[in-house]
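Structure first, then comments.
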Amino acid sequence: MKIRVQSIHFSADQKLLSFIQKKVDKLDQFFDHIISGEVYLKLENVEDESNKISEIKLIVPGGTLFAKEQCKSFEEATDLAIESLRKQVNKHKDKTRAKLSEHKTILTGDEVADY
């Protein structure tokens, strides 16, 4: 899966980028039809320690899945966002399967016996 990472207001080091790539690649275990993904890392100017934001957007057939988390570190925010996306991916996969099984039952019920 192709992942594009953008760091806003700072430059991300290679260790962080490889961590994000490894975590996002694990989503392929749950749904192998993910087309691509975009990760936005932002530093927010606030007094609070948890000023690091990780936004992840996945492009899947039939829609887009999105998660945004804010934590003390980018690794923690990415972990939470990936967990949220894992739930969304499973829900999307279940909906897709339900639609396909609906279509299959309609097709088998409407088939003509003259063939």
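Order determines the names: the first chain of the structure tokens is A, the second B, and so forth; residues in each chain are numbered 1 upward, and ligands are numbered 1 upward as they are shown.
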
Exercise for review: Using DSSP on the backbone coordinates, identify all residues within chain A classified as alpha helix (DSSP H); present the result as a PyMOL selection string.
Suggested key: chain A and resi 14-25+74-110

Exercise for review: May I have the residues within 9 Å of segment 34-50 of chain A as a list in words, using only C-alpha atoms and disregarding those fewer than 6 positions away in the same chain?
Suggested key: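 Everything that qualifies: Met1, Lys2, Ile3, Arg4, Val5, Gln6, Ser7, Ile8, His9, Phe10, Ala12, Ile20, Val24, Leu27, Asp28, Ile56, Lys57, Leu58, Ile59, Val60, Pro61, Gln70, Cys71, Lys72, Ser73 and Phe74 of chain A.
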
Study note, to complete from the structure: The distance between atom CA of Leu80 of chain A and atom CA of Lys52 of chain A is 12.4 Å

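Across the model, the gap from atom CA of Ser54 of chain A to atom CA of Glu69 of chain A is 5.5 Å.
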
Check your understanding: Rounded to one decimal in Å, what is the spacing between atom CA of Gly63 of chain A and atom CA of Leu85 of chain A?
Key ->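 Interatomic distance here is 13.1 Å.
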
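Ranking A:Thr96, A:Gln88, A:Gln21, A:Asn51 by their shortest atom-to-atom distance to Thr64 of chain A, with only C-alpha atoms included, puts A:Gln88 first.
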
Practice item. Measuring atom to atom with only C-alpha atoms, identify which of A:Lys104, A:Lys15, A:Lys99, A:Lys93 is nearest to Phe31 of chain A. Key: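 Of A:Lys104, A:Lys15, A:Lys99, A:Lys93, the one nearest Phe31 of chain A is A:Lys93, counting only C-alpha atoms.
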
**Study point:** Selected residue, from A:Asp25, A:Ile106, A:Ile53, A:Ser11, that lies nearest to Glu76 of chain A when counting only C-alpha atoms
**Key:**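 For Glu76 of chain A, the nearest of the candidates is A:Ile53.
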
Practice item. Per DSSP on the backbone, filter segment 29-104 of chain A down to the residues in strand (DSSP E) and report them as a list in words. Key: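 DSSP on the backbone gives strand (DSSP E) at Ser36, Gly37, Glu38, Val39, Tyr40, Leu41, Lys42, Leu43, Lys52, Ile53, Ser54, Glu55, Ile56, Lys57, Leu58, Ile59, Val60, Gly63, Thr64, Leu65, Phe66, Ala67, Lys68, Glu69, Gln70 and Cys71 of chain A.
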
Write the residues of the preceding selection, restricted to N, CA and C atoms, as a short mmCIF file (atom, residue, chain, number, x, y, z; two decimals), in the first residue's frame.
data_model
loop_
_atom_site.label_atom_id
_atom_site.label_comp_id
_atom_site.auth_asym_id
_atom_site.auth_seq_id
_atom_site.Cartn_x
_atom_site.Cartn_y
_atom_site.Cartn_z
N SER A 36 -4.68 3.49 -0.97
CA SER A 36 -3.57 4.33 -0.55
C SER A 36 -3.90 5.00 0.77
N GLY A 37 -2.93 5.71 1.31
CA GLY A 37 -3.14 6.38 2.57
C GLY A 37 -2.33 7.66 2.66
N GLU A 38 -2.83 8.59 3.46
CA GLU A 38 -2.13 9.84 3.70
C GLU A 38 -2.06 10.05 5.20
N VAL A 39 -0.88 10.44 5.67
CA VAL A 39 -0.67 10.70 7.09
C VAL A 39 -0.20 12.14 7.23
N TYR A 40 -0.87 12.88 8.10
CA TYR A 40 -0.50 14.26 8.38
C TYR A 40 -0.07 14.36 9.83
N LEU A 41 1.15 14.82 10.05
CA LEU A 41 1.68 15.02 11.39
C LEU A 41 1.76 16.51 11.64
N LYS A 42 1.13 16.96 12.72
CA LYS A 42 1.08 18.40 13.00
C LYS A 42 1.56 18.67 14.42
N LEU A 43 2.25 19.79 14.57
CA LEU A 43 2.61 20.31 15.88
C LEU A 43 1.71 21.52 16.14
N LYS A 52 0.85 17.06 19.85
CA LYS A 52 1.20 16.37 18.62
C LYS A 52 -0.03 15.66 18.05
N ILE A 53 -0.35 15.98 16.80
CA ILE A 53 -1.56 15.47 16.16
C ILE A 53 -1.17 14.57 14.99
N SER A 54 -1.82 13.42 14.94
CA SER A 54 -1.62 12.49 13.83
C SER A 54 -2.98 12.27 13.16
N GLU A 55 -3.06 12.60 11.88
CA GLU A 55 -4.28 12.39 11.09
C GLU A 55 -3.96 11.38 10.00
N ILE A 56 -4.79 10.36 9.89
CA ILE A 56 -4.57 9.32 8.89
C ILE A 56 -5.83 9.17 8.06
N LYS A 57 -5.67 9.20 6.75
CA LYS A 57 -6.78 9.03 5.81
C LYS A 57 -6.46 7.85 4.91
N LEU A 58 -7.39 6.90 4.83
CA LEU A 58 -7.23 5.74 3.97
C LEU A 58 -8.25 5.79 2.84
N ILE A 59 -7.80 5.53 1.64
CA ILE A 59 -8.68 5.46 0.48
C ILE A 59 -8.98 3.98 0.23
N VAL A 60 -10.26 3.62 0.33
CA VAL A 60 -10.70 2.24 0.09
C VAL A 60 -11.78 2.27 -0.99
N GLY A 63 -15.15 4.49 -0.60
CA GLY A 63 -15.13 5.54 0.39
C GLY A 63 -13.75 5.88 0.92
N THR A 64 -13.76 6.71 1.96
CA THR A 64 -12.55 7.16 2.62
C THR A 64 -12.72 6.97 4.12
N LEU A 65 -11.69 6.45 4.77
CA LEU A 65 -11.71 6.28 6.22
C LEU A 65 -10.73 7.27 6.84
N PHE A 66 -11.10 7.88 7.97
CA PHE A 66 -10.29 8.95 8.55
C PHE A 66 -10.23 8.81 10.06
N ALA A 67 -9.05 9.07 10.63
CA ALA A 67 -8.88 9.08 12.08
C ALA A 67 -7.91 10.18 12.46
N LYS A 68 -8.20 10.84 13.58
CA LYS A 68 -7.36 11.94 14.06
C LYS A 68 -7.18 11.77 15.56
N GLU A 69 -5.93 11.80 16.02
CA GLU A 69 -5.64 11.67 17.44
C GLU A 69 -4.61 12.71 17.86
N GLN A 70 -4.71 13.15 19.12
CA GLN A 70 -3.78 14.12 19.67
C GLN A 70 -3.22 13.57 20.97
N CYS A 71 -1.88 13.49 21.07
CA CYS A 71 -1.24 12.90 22.25
C CYS A 71 0.08 13.63 22.54
#
